[in-house]
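A.B. asks: This is the content of upload18.pdb (PDB, C-alpha atoms):
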```
ATOM      1  CA  MET A  66      76.306 156.935  26.652
ATOM      2  CA  PRO A  67      79.205 155.090  24.998
ATOM      3  CA  ASP A  68      79.883 155.989  21.401
ATOM      4  CA  GLU A  69      79.269 152.806  19.445
ATOM      5  CA  SER A  70      81.421 154.146  16.603
ATOM      6  CA  THR A  71      84.487 153.631  18.821
ATOM      7  CA  ASP A  72      83.840 149.885  18.580
ATOM      8  CA  ALA A  73      84.203 149.908  14.804
ATOM      9  CA  PRO A  74      87.995 149.241  14.745
ATOM     10  CA  LEU A  75      87.603 146.426  17.274
ATOM     11  CA  THR A  76      84.722 144.956  15.272
ATOM     12  CA  ALA A  77      86.856 144.994  12.128
ATOM     13  CA  GLU A  78      89.680 143.262  13.993
ATOM     14  CA  LEU A  79      87.285 140.683  15.401
ATOM     15  CA  ALA A  80      86.019 139.887  11.890
ATOM     16  CA  ALA A  81      89.529 138.772  10.949
ATOM     17  CA  HIS A  82      89.696 136.524  14.023
ATOM     18  CA  ALA A  83      86.166 135.066  13.675
ATOM     19  CA  PRO A  84      87.266 131.729  12.117
ATOM     20  CA  LEU A  85      89.795 131.193  14.903
ATOM     21  CA  LEU A  86      87.226 131.883  17.618
ATOM     22  CA  ARG A  87      84.730 129.550  15.962
ATOM     23  CA  VAL A  88      87.191 126.647  15.774
ATOM     24  CA  LEU A  89      88.447 127.279  19.328
ATOM     25  CA  ARG A  90      84.894 126.990  20.569
ATOM     26  CA  LEU A  91      84.866 123.422  19.243
ATOM     27  CA  THR A  92      88.430 122.218  19.811
ATOM     28  CA  ARG A  93      89.293 123.980  23.105
ATOM     29  CA  ASN A  94      92.895 123.673  21.937
ATOM     30  CA  VAL A  95      94.981 126.391  20.262
ATOM     31  CA  THR A  96      97.307 123.939  18.478
ATOM     32  CA  ARG A  97      94.432 121.948  16.936
ATOM     33  CA  ALA A  98      92.589 125.133  16.008
ATOM     34  CA  ALA A  99      95.693 126.469  14.256
ATOM     35  CA  GLN A 100      96.107 123.170  12.381
ATOM     36  CA  GLU A 101      92.508 123.239  11.174
ATOM     37  CA  LEU A 102      92.932 126.794   9.910
ATOM     38  CA  GLY A 103      96.354 126.126   8.375
ATOM     39  CA  ILE A 104      98.223 128.744  10.380
ATOM     40  CA  PRO A 105     101.219 128.386  12.750
ATOM     41  CA  GLN A 106     100.306 127.873  16.396
ATOM     42  CA  PRO A 107     102.375 130.900  17.553
ATOM     43  CA  THR A 108     100.435 133.074  15.109
ATOM     44  CA  ALA A 109      97.123 131.892  16.570
ATOM     45  CA  SER A 110      98.365 132.540  20.113
ATOM     46  CA  ARG A 111      99.556 136.058  19.209
ATOM     47  CA  ARG A 112      96.207 136.882  17.610
ATOM     48  CA  LEU A 113      94.321 135.781  20.704
ATOM     49  CA  ALA A 114      96.637 137.715  23.001
ATOM     50  CA  ALA A 115      96.307 140.861  20.871
ATOM     51  CA  LEU A 116      92.526 140.525  20.849
ATOM     52  CA  GLY A 117      92.510 140.210  24.635
ATOM     53  CA  GLU A 118      94.631 143.327  24.951
ATOM     54  CA  ARG A 119      92.260 145.297  22.734
ATOM     55  CA  LEU A 120      89.286 144.115  24.766
ATOM     56  CA  GLY A 121      90.937 144.699  28.095
ATOM     57  CA  ALA A 122      90.184 141.121  29.166
ATOM     58  CA  PRO A 123      91.576 137.731  28.061
ATOM     59  CA  VAL A 124      89.519 135.611  25.669
ATOM     60  CA  ILE A 125      91.114 132.299  26.713
ATOM     61  CA  VAL A 126      92.672 130.866  29.874
ATOM     62  CA  PRO A 127      94.645 127.606  30.281
ATOM     63  CA  GLU A 128      92.696 124.552  31.421
ATOM     64  CA  GLY A 129      94.412 121.185  31.733
ATOM     65  CA  ARG A 130      96.141 120.431  28.423
ATOM     66  CA  GLY A 131      93.922 122.787  26.534
ATOM     67  CA  ILE A 132      92.221 126.126  27.001
ATOM     68  CA  ARG A 133      88.869 127.461  28.126
ATOM     69  CA  LEU A 134      87.135 130.422  26.594
ATOM     70  CA  THR A 135      86.434 133.143  29.139
ATOM     71  CA  ARG A 136      82.977 134.656  29.372
ATOM     72  CA  ALA A 137      84.142 137.411  27.016
ATOM     73  CA  GLY A 138      85.611 134.780  24.683
ATOM     74  CA  GLU A 139      82.389 132.747  24.677
ATOM     75  CA  LEU A 140      80.324 135.814  23.813
ATOM     76  CA  LEU A 141      82.654 136.747  20.966
ATOM     77  CA  ALA A 142      82.830 133.138  19.697
ATOM     78  CA  GLU A 143      79.030 132.899  19.630
ATOM     79  CA  ALA A 144      78.829 136.178  17.730
ATOM     80  CA  ALA A 145      81.576 135.031  15.346
ATOM     81  CA  ASP A 146      79.738 131.766  14.728
ATOM     82  CA  ARG A 147      76.530 133.574  13.794
ATOM     83  CA  ALA A 148      78.353 136.123  11.660
ATOM     84  CA  LEU A 149      80.212 133.467   9.665
ATOM     85  CA  ASP A 150      76.950 131.600   9.018
ATOM     86  CA  VAL A 151      75.343 134.808   7.745
ATOM     87  CA  LEU A 152      78.387 135.539   5.584
ATOM     88  CA  ALA A 153      78.357 132.014   4.154
ATOM     89  CA  GLY A 154      74.695 132.476   3.285
ATOM     90  CA  GLY A 155      75.529 135.752   1.560
ATOM     91  CA  VAL A 156      78.283 134.132  -0.507
ATOM     92  CA  ARG A 157      75.857 131.374  -1.479
ATOM     93  CA  GLN A 158      73.224 133.905  -2.530
ATOM     94  CA  VAL A 159      75.754 135.798  -4.655
ATOM     95  CA  ARG A 160      76.903 132.622  -6.396
ATOM     96  CA  GLU A 161      73.349 131.549  -7.114
ATOM     97  CA  GLU A 162      72.372 135.066  -8.197
ATOM     98  CA  ILE A 163      75.070 134.806 -10.833
ATOM     99  CA  ASP A 164      73.895 131.332 -11.899
ATOM    100  CA  PRO A 165      70.624 130.366 -10.124
ATOM    101  CA  GLU A 166      70.132 127.238 -12.223
ATOM    102  CA  ARG A 167      73.200 125.693 -10.569
ATOM    103  CA  GLY A 168      72.008 126.427  -7.049
ATOM    104  CA  HIS A 169      71.848 124.036  -4.117
ATOM    105  CA  VAL A 170      68.778 123.171  -2.015
ATOM    106  CA  GLU A 171      68.908 121.448   1.378
ATOM    107  CA  LEU A 172      65.548 119.649   1.627
ATOM    108  CA  GLY A 173      64.322 117.808   4.716
ATOM    109  CA  PHE A 174      61.352 115.434   4.650
ATOM    110  CA  LEU A 175      59.645 112.569   6.421
ATOM    111  CA  HIS A 176      60.744 109.009   5.570
ATOM    112  CA  LEU A 177      57.267 108.185   4.305
ATOM    113  CA  LEU A 178      57.334 111.012   1.750
ATOM    114  CA  GLY A 179      60.448 109.583   0.111
ATOM    115  CA  ARG A 180      58.499 106.840  -1.608
ATOM    116  CA  SER A 181      56.756 108.940  -4.274
ATOM    117  CA  LEU A 182      56.091 112.582  -3.354
ATOM    118  CA  VAL A 183      59.694 113.790  -3.057
ATOM    119  CA  PRO A 184      61.051 111.889  -6.103
ATOM    120  CA  GLY A 185      58.173 113.227  -8.212
ATOM    121  CA  LEU A 186      58.749 116.826  -7.134
ATOM    122  CA  LEU A 187      62.488 116.624  -7.762
ATOM    123  CA  ARG A 188      62.034 115.002 -11.166
ATOM    124  CA  ASP A 189      59.612 117.680 -12.357
ATOM    125  CA  PHE A 190      61.648 120.559 -10.915
ATOM    126  CA  ARG A 191      64.868 119.357 -12.521
ATOM    127  CA  ALA A 192      63.098 119.211 -15.872
ATOM    128  CA  ALA A 193      63.086 123.027 -15.671
ATOM    129  CA  TYR A 194      66.322 123.412 -13.648
ATOM    130  CA  PRO A 195      68.503 120.489 -14.795
ATOM    131  CA  HIS A 196      71.622 121.687 -12.967
ATOM    132  CA  ALA A 197      70.002 122.293  -9.570
ATOM    133  CA  ARG A 198      71.558 120.218  -6.788
ATOM    134  CA  PHE A 199      69.779 118.810  -3.743
ATOM    135  CA  SER A 200      70.945 117.509  -0.404
ATOM    136  CA  LEU A 201      68.222 115.332   1.111
ATOM    137  CA  VAL A 202      67.728 114.895   4.852
ATOM    138  CA  GLN A 203      65.191 112.462   6.345
ATOM    139  CA  GLY A 204      63.919 112.219   9.889
ATOM    140  CA  SER A 205      60.950 112.610  12.185
ATOM    141  CA  ARG A 206      58.696 115.629  11.914
ATOM    142  CA  GLN A 207      60.234 117.218  15.009
ATOM    143  CA  GLU A 208      63.795 116.568  13.818
ATOM    144  CA  ILE A 209      63.100 118.122  10.426
ATOM    145  CA  VAL A 210      61.341 121.183  11.853
ATOM    146  CA  ASP A 211      64.163 121.679  14.373
ATOM    147  CA  ARG A 212      66.730 121.524  11.565
ATOM    148  CA  LEU A 213      64.746 124.085   9.576
ATOM    149  CA  ARG A 214      64.700 126.477  12.512
ATOM    150  CA  ALA A 215      68.419 125.916  13.132
ATOM    151  CA  GLY A 216      69.178 126.777   9.501
ATOM    152  CA  THR A 217      70.809 123.452   8.613
ATOM    153  CA  ILE A 218      68.171 122.800   5.931
ATOM    154  CA  ASP A 219      66.398 125.266   3.625
ATOM    155  CA  LEU A 220      62.951 123.721   3.243
ATOM    156  CA  ALA A 221      60.932 120.983   4.928
ATOM    157  CA  LEU A 222      58.204 118.620   3.747
ATOM    158  CA  VAL A 223      56.308 117.503   6.840
ATOM    159  CA  ALA A 224      52.872 116.427   7.980
ATOM    160  CA  PRO A 225      51.192 118.308   9.448
ATOM    161  CA  PRO A 226      53.028 121.602   8.813
ATOM    162  CA  PRO A 227      53.704 123.693  11.939
ATOM    163  CA  GLU A 228      51.611 126.813  12.497
ATOM    164  CA  GLU A 229      54.092 128.948  14.482
ATOM    165  CA  ALA A 230      54.810 132.527  13.401
ATOM    166  CA  ASP A 231      58.482 131.906  12.550
ATOM    167  CA  VAL A 232      57.654 129.690   9.548
ATOM    168  CA  GLU A 233      55.376 129.757   6.519
ATOM    169  CA  ALA A 234      53.849 126.748   4.803
ATOM    170  CA  VAL A 235      51.808 125.698   1.815
ATOM    171  CA  THR A 236      49.648 122.565   1.902
ATOM    172  CA  LEU A 237      50.337 120.133  -0.925
ATOM    173  CA  ALA A 238      47.831 117.408  -0.120
ATOM    174  CA  GLU A 239      45.380 116.032   2.410
ATOM    175  CA  GLU A 240      46.284 112.398   3.043
ATOM    176  CA  GLU A 241      43.712 109.980   4.469
ATOM    177  CA  LEU A 242      44.716 107.708   7.340
ATOM    178  CA  PHE A 243      43.600 104.088   7.676
ATOM    179  CA  VAL A 244      43.640 101.469  10.406
ATOM    180  CA  SER A 245      46.212  98.846   9.414
ATOM    181  CA  VAL A 246      45.448  95.459  10.968
ATOM    182  CA  PRO A 247      46.792  91.928  10.380
ATOM    183  CA  ALA A 248      45.026  90.200   7.480
ATOM    184  CA  GLY A 249      43.291  87.704   9.801
ATOM    185  CA  HIS A 250      42.256  90.282  12.392
ATOM    186  CA  ARG A 251      38.648  90.542  13.610
ATOM    187  CA  LEU A 252      38.395  94.044  12.048
ATOM    188  CA  ALA A 253      40.016  93.155   8.708
ATOM    189  CA  GLY A 254      36.712  92.639   6.909
ATOM    190  CA  ARG A 255      34.967  95.717   8.283
ATOM    191  CA  ARG A 256      33.843  98.501   5.967
ATOM    192  CA  LEU A 257      34.647 101.150   8.573
ATOM    193  CA  VAL A 258      36.338 101.233  11.978
ATOM    194  CA  ARG A 259      35.838 103.727  14.796
ATOM    195  CA  MET A 260      38.602 104.629  17.191
ATOM    196  CA  THR A 261      36.561 103.206  20.072
ATOM    197  CA  ASP A 262      36.785  99.798  18.344
ATOM    198  CA  LEU A 263      40.547  99.881  18.975
ATOM    199  CA  ALA A 264      40.480 100.529  22.725
ATOM    200  CA  ASP A 265      41.524  96.961  23.621
ATOM    201  CA  GLU A 266      44.089  96.533  20.828
ATOM    202  CA  ASP A 267      47.881  96.548  21.032
ATOM    203  CA  PHE A 268      49.317  99.393  18.949
ATOM    204  CA  VAL A 269      52.449  99.571  16.832
ATOM    205  CA  MET A 270      53.476 103.229  16.652
ATOM    206  CA  LEU A 271      56.123 105.557  15.400
ATOM    207  CA  GLU A 272      58.225 107.154  18.120
ATOM    208  CA  HIS A 273      57.467 110.499  19.742
ATOM    209  CA  GLY A 274      58.414 113.360  17.438
ATOM    210  CA  TYR A 275      56.645 111.870  14.415
ATOM    211  CA  GLY A 276      53.463 113.556  13.210
ATOM    212  CA  LEU A 277      51.593 110.240  12.932
ATOM    213  CA  ARG A 278      52.395 109.501  16.570
ATOM    214  CA  THR A 279      50.906 112.824  17.670
ATOM    215  CA  ILE A 280      47.783 112.254  15.567
ATOM    216  CA  THR A 281      47.323 108.697  16.875
ATOM    217  CA  ASP A 282      47.778 109.731  20.501
ATOM    218  CA  ASP A 283      45.284 112.566  20.051
ATOM    219  CA  LEU A 284      42.675 110.346  18.366
ATOM    220  CA  CYS A 285      42.953 107.752  21.141
ATOM    221  CA  ARG A 286      42.629 110.446  23.806
ATOM    222  CA  ARG A 287      39.510 111.859  22.170
ATOM    223  CA  ALA A 288      38.073 108.344  21.944
ATOM    224  CA  GLY A 289      38.501 108.012  25.709
ATOM    225  CA  PHE A 290      41.407 105.584  26.063
ATOM    226  CA  THR A 291      45.173 105.423  26.373
ATOM    227  CA  PRO A 292      46.643 103.065  23.760
ATOM    228  CA  THR A 293      48.585  99.983  24.790
ATOM    229  CA  ILE A 294      51.853 100.296  22.870
ATOM    230  CA  ALA A 295      53.481  96.995  21.969
ATOM    231  CA  PHE A 296      56.229  98.356  19.697
ATOM    232  CA  GLU A 297      57.622 101.715  18.595
ATOM    233  CA  GLY A 298      59.570 102.313  15.387
ATOM    234  CA  GLN A 299      61.102 105.017  13.223
ATOM    235  CA  GLU A 300      59.786 104.057   9.789
ATOM    236  CA  SER A 301      56.276 103.325   8.584
ATOM    237  CA  ASP A 302      57.450 100.300   6.560
ATOM    238  CA  THR A 303      58.764  98.727   9.763
ATOM    239  CA  VAL A 304      55.476  99.494  11.500
ATOM    240  CA  ARG A 305      53.559  97.812   8.661
ATOM    241  CA  GLY A 306      55.827  94.791   8.869
ATOM    242  CA  LEU A 307      55.080  94.424  12.579
ATOM    243  CA  VAL A 308      51.351  94.717  11.875
ATOM    244  CA  ALA A 309      51.634  92.011   9.187
ATOM    245  CA  ALA A 310      53.356  89.796  11.764
ATOM    246  CA  GLY A 311      50.282  90.072  13.984
ATOM    247  CA  LEU A 312      51.961  92.220  16.645
ATOM    248  CA  GLY A 313      49.430  95.043  16.752
ATOM    249  CA  VAL A 314      47.434  97.632  14.813
ATOM    250  CA  ALA A 315      48.530 101.027  13.499
ATOM    251  CA  LEU A 316      47.205 104.225  11.960
ATOM    252  CA  LEU A 317      48.981 104.829   8.662
ATOM    253  CA  PRO A 318      48.418 106.339   5.202
ATOM    254  CA  LYS A 319      47.357 103.903   2.506
ATOM    255  CA  PHE A 320      50.252 101.905   1.098
ATOM    256  CA  GLU A 321      50.909 102.529  -2.594
ATOM    257  CA  PRO A 322      50.739 100.729  -4.912
ATOM    258  CA  GLY A 323      48.217  98.261  -3.493
ATOM    259  CA  THR A 324      47.896  96.839  -0.005
ATOM    260  CA  PRO A 325      50.993  95.043   1.361
ATOM    261  CA  ALA A 326      50.805  91.308   2.002
ATOM    262  CA  GLY A 327      49.476  90.327   5.401
ATOM    263  CA  VAL A 328      47.832  93.703   6.125
ATOM    264  CA  ALA A 329      44.266  94.952   5.778
ATOM    265  CA  GLU A 330      43.677  98.727   5.530
ATOM    266  CA  VAL A 331      40.306  99.814   6.877
ATOM    267  CA  PRO A 332      38.953 103.392   6.641
ATOM    268  CA  LEU A 333      38.216 105.297   9.836
ATOM    269  CA  ALA A 334      34.823 106.734  10.707
ATOM    270  CA  PRO A 335      34.722 109.650  10.815
ATOM    271  CA  ARG A 336      37.314 110.090   8.072
ATOM    272  CA  VAL A 337      40.740 111.233   9.305
ATOM    273  CA  THR A 338      43.277 113.095   7.163
ATOM    274  CA  ARG A 339      46.574 114.852   7.691
ATOM    275  CA  ALA A 340      47.963 117.806   5.767
ATOM    276  CA  ILE A 341      51.298 117.500   3.964
ATOM    277  CA  GLY A 342      53.026 120.838   3.566
ATOM    278  CA  LEU A 343      56.213 122.517   2.411
ATOM    279  CA  VAL A 344      57.627 124.770   5.132
ATOM    280  CA  TRP A 345      60.219 127.556   5.019
ATOM    281  CA  PRO A 346      61.506 130.110   7.553
ATOM    282  CA  VAL A 347      60.358 133.725   7.580
ATOM    283  CA  GLY A 348      62.443 136.780   8.274
ATOM    284  CA  TYR A 349      65.186 136.526   5.671
ATOM    285  CA  PRO A 350      65.380 136.040   1.878
ATOM    286  CA  LEU A 351      65.795 132.555   0.476
ATOM    287  CA  PRO A 352      68.691 131.815  -1.895
ATOM    288  CA  PRO A 353      67.527 131.935  -5.534
ATOM    289  CA  ALA A 354      67.503 128.159  -6.114
ATOM    290  CA  VAL A 355      65.648 127.571  -2.839
ATOM    291  CA  ALA A 356      63.101 130.266  -3.699
ATOM    292  CA  ALA A 357      62.669 128.739  -7.161
ATOM    293  CA  PHE A 358      61.893 125.301  -5.711
ATOM    294  CA  ARG A 359      59.580 126.832  -3.068
ATOM    295  CA  ASN A 360      57.696 128.735  -5.774
ATOM    296  CA  PHE A 361      57.514 125.628  -7.974
ATOM    297  CA  VAL A 362      55.932 123.614  -5.147
ATOM    298  CA  ARG A 363      53.629 126.485  -4.192
ATOM    299  CA  GLU A 364      52.343 126.812  -7.761
ATOM    300  CA  ARG A 365      51.802 123.058  -7.973
ATOM    301  CA  ALA A 366      49.808 123.127  -4.747
ATOM    302  CA  GLN A 367      47.416 125.649  -6.305
ATOM    303  CA  VAL A 368      46.666 123.422  -9.308
ATOM    304  CA  PRO A 369      43.323 121.601  -8.762
TER     305      PRO A 369
END
```
Show how you would write the structure in this file as structure tokens.
C.D. replies:
Amino acid sequence: MPDESTDAPLTAELAAHAPLLRVLRLTRNVTRAAQELGIPQPTASRRLAALGERLGAPVIVPEGRGIRLTRAGELLAEAADRALDVLAGGVRQVREEIDPERGHVELGFLHLLGRSLVPGLLRDFRAAYPHARFSLVQGSRQEIVDRLRAGTIDLALVAPPPEEADVEAVTLAEEELFVSVPAGHRLAGRRLVRMTDLADEDFVMLEHGYGLRTITDDLCRRAGFTPTIAFEGQESDTVRGLVAAGLGVALLPKFEPGTPAGVAEVPLAPRVTRAIGLVWPVGYPLPPAVAAFRNFVRERAQVP
């Protein structure tokens, strides 16, 4: 068997070249990569040639006016990319360990939660951690969960929270869903509406990837019909506006404060709710500021 310890000098050399490999993977051009890193182009070329000699195989080959990473180069660039991300996370953890109250949290959440839930959480958290900084990312449920798994955000507020083994979640609230219909609609004055009452209606829906879309599709399927979709949107406020214009019905949480003009919100029978949860990845420690916000939300969720 090969002695892995003999790779140690090459690994150390690769660590020094990791930024160059990462940038080359994006630019496919040695000159541009050298410019981005602030080093002379001949220096970058010499480093790549020396690395190829140590490996016994080139890491780049010419292609048109640029270069192409060889299979060996691609493998090393991928490894360098991952290693630099891990190192950046370590530097961040060290900085926040020294001063956790000045930490940074990348928080992703659904558009709908930006009206009251997220501002309220941030306000109360910053009362205890006034110097904490947040970067806020909005999108569909699928987009936010994908970003969490990719590591581009730290925490996610979504509905419903995913149940896969690679993430953990805490439920903050159970939110009731209503049938939103135009104010003059035949169902507007009803005390309750069943999904079967909507079989012949045109629907205004959020696009695929949104939790509300999945819930609506599933409820229609269980009621025995496929909804007729008149319009699809990316924000619940737009969906409500289309309902108010008489262009269809929708399943949405209750609008706060009060019911919007031109829309009637009718409860479903049986009652339908969706869970809103904070989600974080498992398998590695969270930076101190991120852990502090996660714990703050988790404690709040346990308060009756």
A.B. asks: Rounded to one decimal place, report the CA of Glu266 (chain A)-CA of Ala248 (chain A) distance in Å.
C.D. replies: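 We find that CA of Glu266 (chain A) and CA of Ala248 (chain A) lie 14.8 Å from each other.
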A.B. asks: Mind running region 137-238 of chain A against region 313-319 of chain A at 12 Å and telling me each contacting residue's nearest atom pair with the distance in Å (one decimal), counting all atoms listed in the file, chain and number ascending, as a Markdown table?
C.D. replies:
```
| residue | atom | partner | partner_atom | distance |
| --- | --- | --- | --- | --- |
| A:Leu177 | CA | A:Pro318 | CA | 9.1 |
| A:Leu178 | CA | A:Pro318 | CA | 10.6 |
| A:Ala224 | CA | A:Pro318 | CA | 11.4 |
```
A.B. asks: Go ahead and save the residues from that selection, with C-alpha atoms, as a PDB file, in the coordinates of the input.
C.D. replies:
```
ATOM      1  CA  LEU A 177      57.267 108.185   4.305  1.00  0.00           C
ATOM      2  CA  LEU A 178      57.334 111.012   1.750  1.00  0.00           C
ATOM      3  CA  ALA A 224      52.872 116.427   7.980  1.00  0.00           C
TER       4      ALA A 224
END
```
A.B. asks: Using Å and a single decimal, report how far CA of Ala144 (chain A) sits from CA of Gly103 (chain A).
C.D. replies: 22.3 Å
A.B. asks: Neighbouring residues of Leu333 (chain A) were defined as those with any atom within 10 Å, considering only C-alpha atoms; residues of the same chain fewer than 5 positions away were excluded. Please report them as a ChimeraX atom specification.
C.D. replies: /A:241-244,256-260,316,338
A.B. asks: Rank nothing, just name the residue among A:Arg147, A:Arg93, A:Arg305, A:Arg363 nearest to Val124 (chain A), using all atoms listed in the file.
C.D. replies: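 Of all the options, A:Arg93 lies closest to Val124 (chain A).
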A.B. asks: At what distance in Å, to one decimal, does CA of Ile280 (chain A) lie from CA of Val328 (chain A)?
C.D. replies: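 Computing it gives 20.8 Å between the two atoms.
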A.B. asks: Suppose a student applies the PyMOL selection byres ((chain A and resi 211) around 12) to this structure; what residues should they get, written as a list in words?
C.D. replies: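 Selected by the PyMOL selection byres ((chain A and resi 211) around 12) here: Gly173, Phe174, Gly204, Ser205, Arg206, Gln207, Glu208, Ile209, Val210, Arg212, Leu213, Arg214, Ala215, Gly216, Thr217, Ile218, Asp219, Leu220, Ala221, Val223, Pro227, Asp231, Val232, Gly274, Val344, Trp345 and Pro346 of chain A.
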A.B. asks: Of the candidates A:Leu237, A:Pro123, A:Phe358, A:Ala366, which one gets nearest to Asp189 (chain A) if we count all atoms listed in the file?
C.D. replies: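 Closest residue, counting all atoms listed in the file: A:Phe358.
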A.B. asks: For Ala142 (chain A), which of A:Pro325, A:Pro352, A:Pro84, A:Gly289 is the closest residue, counting all atoms listed in the file?
C.D. replies: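 Distance minimum relative to Ala142 (chain A) lands on A:Pro84.
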A.B. asks: A:Cys285, A:Ala238, A:Glu143, A:Pro184: which is nearest Val88 (chain A), counting all atoms listed in the file?
C.D. replies: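 Checking each candidate against Val88 (chain A), we get A:Glu143 as the closest.
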A.B. asks: Check what the PyMOL selection byres ((chain A and resi 180) around 12) selects in the file above and give those residues as a list in words.
C.D. replies: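 When the PyMOL selection byres ((chain A and resi 180) around 12) is applied to the shown file, the picked residues are Phe174, Leu175, His176, Leu177, Leu178, Gly179, Ser181, Leu182, Val183, Pro184, Gly185, Leu186, Gln203, Glu300, Ser301, Asp302, Phe320, Glu321 and Pro322 of chain A.
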A.B. asks: Quick check on the file I pasted: which residues fall under the PyMOL selection byres ((chain A and resi 131) around 9)? Write them as an MDAnalysis selection string.
C.D. replies: chainID A and resid 92:96 126:130 132:133
A.B. asks: Determine the nearest neighbour of Met270 (chain A) from the options A:Glu297, A:Asp150, A:Asp282, A:Glu364, counting only C-alpha atoms.
C.D. replies: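 Among the listed residues, the smallest separation from Met270 (chain A) belongs to A:Glu297.
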A.B. asks: Counting all atoms listed in the file, which residues come within 8 Å of (84.0, 138.9, 9.9), with the point read in the file's coordinates, and could you list them as a PDB file with C-alpha atoms, in the coordinates of the input?
C.D. replies:
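Saved file result.pdb follows:
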```pdb
ATOM      1  CA  ALA A  77      86.856 144.994  12.128  1.00  0.00           C
ATOM      2  CA  LEU A  79      87.285 140.683  15.401  1.00  0.00           C
ATOM      3  CA  ALA A  80      86.019 139.887  11.890  1.00  0.00           C
ATOM      4  CA  ALA A  81      89.529 138.772  10.949  1.00  0.00           C
ATOM      5  CA  HIS A  82      89.696 136.524  14.023  1.00  0.00           C
ATOM      6  CA  ALA A  83      86.166 135.066  13.675  1.00  0.00           C
ATOM      7  CA  ALA A 145      81.576 135.031  15.346  1.00  0.00           C
ATOM      8  CA  ALA A 148      78.353 136.123  11.660  1.00  0.00           C
ATOM      9  CA  LEU A 149      80.212 133.467   9.665  1.00  0.00           C
ATOM     10  CA  LEU A 152      78.387 135.539   5.584  1.00  0.00           C
TER      11      LEU A 152
END
```
A.B. asks: With N, CA and C atoms as the target, complete region 201-212 of chain A and hand it back as a short mmCIF file (atom, residue, chain, number, x, y, z; two decimals), in the coordinates of the input.
C.D. replies:
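This went into result-v5.cif:
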```cif
data_model
loop_
_atom_site.label_atom_id
_atom_site.label_comp_id
_atom_site.auth_asym_id
_atom_site.auth_seq_id
_atom_site.Cartn_x
_atom_site.Cartn_y
_atom_site.Cartn_z
N LEU A 201 69.47 115.83 0.55
CA LEU A 201 68.22 115.33 1.11
C LEU A 201 68.46 114.82 2.53
N VAL A 202 67.62 115.26 3.44
CA VAL A 202 67.73 114.90 4.85
C VAL A 202 66.40 114.31 5.30
N GLN A 203 66.41 113.10 5.86
CA GLN A 203 65.19 112.46 6.34
C GLN A 203 65.20 112.36 7.86
N GLY A 204 64.02 112.33 8.45
CA GLY A 204 63.92 112.22 9.89
C GLY A 204 62.49 112.33 10.33
N SER A 205 62.29 112.42 11.65
CA SER A 205 60.95 112.61 12.18
C SER A 205 60.49 114.04 11.93
N ARG A 206 59.22 114.27 12.11
CA ARG A 206 58.70 115.63 11.91
C ARG A 206 59.42 116.62 12.80
N GLN A 207 59.60 116.29 14.09
CA GLN A 207 60.23 117.22 15.01
C GLN A 207 61.68 117.47 14.63
N GLU A 208 62.39 116.41 14.23
CA GLU A 208 63.80 116.57 13.82
C GLU A 208 63.91 117.50 12.62
N ILE A 209 63.03 117.32 11.64
CA ILE A 209 63.10 118.12 10.43
C ILE A 209 62.75 119.58 10.72
N VAL A 210 61.72 119.80 11.52
CA VAL A 210 61.34 121.18 11.85
C VAL A 210 62.44 121.85 12.67
N ASP A 211 63.06 121.12 13.59
CA ASP A 211 64.16 121.68 14.37
C ASP A 211 65.33 122.06 13.47
N ARG A 212 65.65 121.22 12.50
CA ARG A 212 66.73 121.52 11.56
C ARG A 212 66.41 122.77 10.74
#
```
